[in-house]
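Just below is one structure, and these are the notes that go with it.
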Amino acid sequence: MEEIDIAVTGGKLRVVSWPGDGPVVLAVHGITANALSWTSVARELRGRVRLIAPDLRGRAGSAHLPGPFGMAAHITDLIAVSEYFGVERPALVGHSMGAFVVAVTAAAHDVGPVLMVDGGIALPVPPGIDIDTALHAVIGPAMRRLSMTFDDETAYLDYFRQNPALGDHWTPDLAAYIRRDFTGTGSSCNIDAIRADAHDMLTNPIPAPHPLLWAPRGLMDEPRGLYQHDQLTGVDAELIPDVNHYTILQGAGARRVADRIISLTA
């Protein structure tokens, strides 16, 4: 794994690159996540592609980057990453909010194949709802932690362990991913970036005619996930059994995500 800083508007975007002999694939994380959410998938890929995952603007190694935030900024940043690696039509894969990012990027630019993982399909949010209210309803503890402070890294890890969607599936990869977000007192996530991204994701959905892998369980391991079968009519959607919103990427679902990336880029 290599860490690279790439020039973008306002500064440097931090990117993680896992080596591989195949095509370049840009991997985009969720709304309060970071590049290391893709570690388990990278391991399952076993060097068959070169996986490139940025810390999105306003998170982790890219937390210092200024606004404006939102989907348009992510599109520009992803194109800068693809140009840095000399790829004209990169394959794109996104998890959660990252699936919305890759979908809007594909709508704006001529890119390669796109894969969405438990995201990218419009969520049923009532019109006119306050963005913070919607965020608390959709991502729960992930949103609450942004306003919290923690005594040390151990306390931060313990907060995540309390979520059954994570604590019951704990791995060293998951711990490293969480440590990447910790500043010493709390989350690295810029709340203005989170709100801008949520506004675009929840109020300006676009058709996303791309393959979707989806989880039957939610962000607290509850039996209802982000999506149900009736929301996915006409979508090329594959249910990954026995996973939640996190473990579809960082647990039992990682191998299937890797296999679909390989088949998509073959």
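Each chain of the structure tokens is named A, B, ... in the order shown, its residues numbered from 1; ligands are numbered from 1 in display order.
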Would you pick out the contacts of Met148 (chain A) at 9 Å or less, using only C-alpha atoms, so that residues sharing its chain but fewer than 6 positions from it are not included, and give the list as number ranges by chain?
A: 185-187
Give me, as JSON lines, each residue of region 212-249 of chain A that comes within 10 Å of region 111-120 of chain A, together with its shortest interatomic pair and the distance in Å at one decimal, counting only C-alpha atoms, with rows ordered by chain and rising residue number.
{"residue": "A:Leu212", "atom": "CA", "partner": "A:Met116", "partner_atom": "CA", "distance": 4.7}
{"residue": "A:Leu213", "atom": "CA", "partner": "A:Val117", "partner_atom": "CA", "distance": 4.8}
{"residue": "A:Trp214", "atom": "CA", "partner": "A:Asp118", "partner_atom": "CA", "distance": 4.4}
{"residue": "A:Ala215", "atom": "CA", "partner": "A:Asp118", "partner_atom": "CA", "distance": 6.2}
{"residue": "A:Pro216", "atom": "CA", "partner": "A:Asp118", "partner_atom": "CA", "distance": 9.4}
{"residue": "A:Gly218", "atom": "CA", "partner": "A:Asp118", "partner_atom": "CA", "distance": 9.8}
{"residue": "A:Gly225", "atom": "CA", "partner": "A:Asp118", "partner_atom": "CA", "distance": 8.9}
{"residue": "A:Leu226", "atom": "CA", "partner": "A:Asp118", "partner_atom": "CA", "distance": 7.3}
{"residue": "A:Tyr227", "atom": "CA", "partner": "A:Asp118", "partner_atom": "CA", "distance": 7.8}
{"residue": "A:Ala237", "atom": "CA", "partner": "A:Met116", "partner_atom": "CA", "distance": 9.3}
{"residue": "A:Glu238", "atom": "CA", "partner": "A:Val117", "partner_atom": "CA", "distance": 9.7}
{"residue": "A:Leu239", "atom": "CA", "partner": "A:Asp118", "partner_atom": "CA", "distance": 9.5}
{"residue": "A:Ile240", "atom": "CA", "partner": "A:Asp118", "partner_atom": "CA", "distance": 9.8}
{"residue": "A:Asn244", "atom": "CA", "partner": "A:Asp118", "partner_atom": "CA", "distance": 9.2}
{"residue": "A:His245", "atom": "CA", "partner": "A:Asp118", "partner_atom": "CA", "distance": 6.6}
{"residue": "A:Tyr246", "atom": "CA", "partner": "A:Asp118", "partner_atom": "CA", "distance": 9.1}
{"residue": "A:Ile248", "atom": "CA", "partner": "A:Val117", "partner_atom": "CA", "distance": 7.9}
{"residue": "A:Leu249", "atom": "CA", "partner": "A:Val117", "partner_atom": "CA", "distance": 7.8}
Report, in Å to a single decimal, how far apart CA of Pro19 (chain A) and CA of Ala33 (chain A) are.
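Here the two named atoms are 21.6 Å from each other.
The shortest atom-to-atom distance to Gly86 (chain A), with only C-alpha atoms taken into account, belongs to A:Val24 out of A:Ala53, A:Thr247, A:Thr105, A:Val24.
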Using only C-alpha atoms, which residue out of A:Ala196, A:His169, A:Gln228, A:Arg59 lies closest to Ala72 (chain A)?
A:Ala196
To one decimal place in Å, what is the distance between CA of Ala35 (chain A) and CA of His95 (chain A)?
10.9 Å
Run DSSP on the backbone and give me the residues of region 20-138 of chain A it puts in helix (DSSP H, G or I), as a ChimeraX atom specification.
/A:35-45,60-62,71-84,97-108,131-138
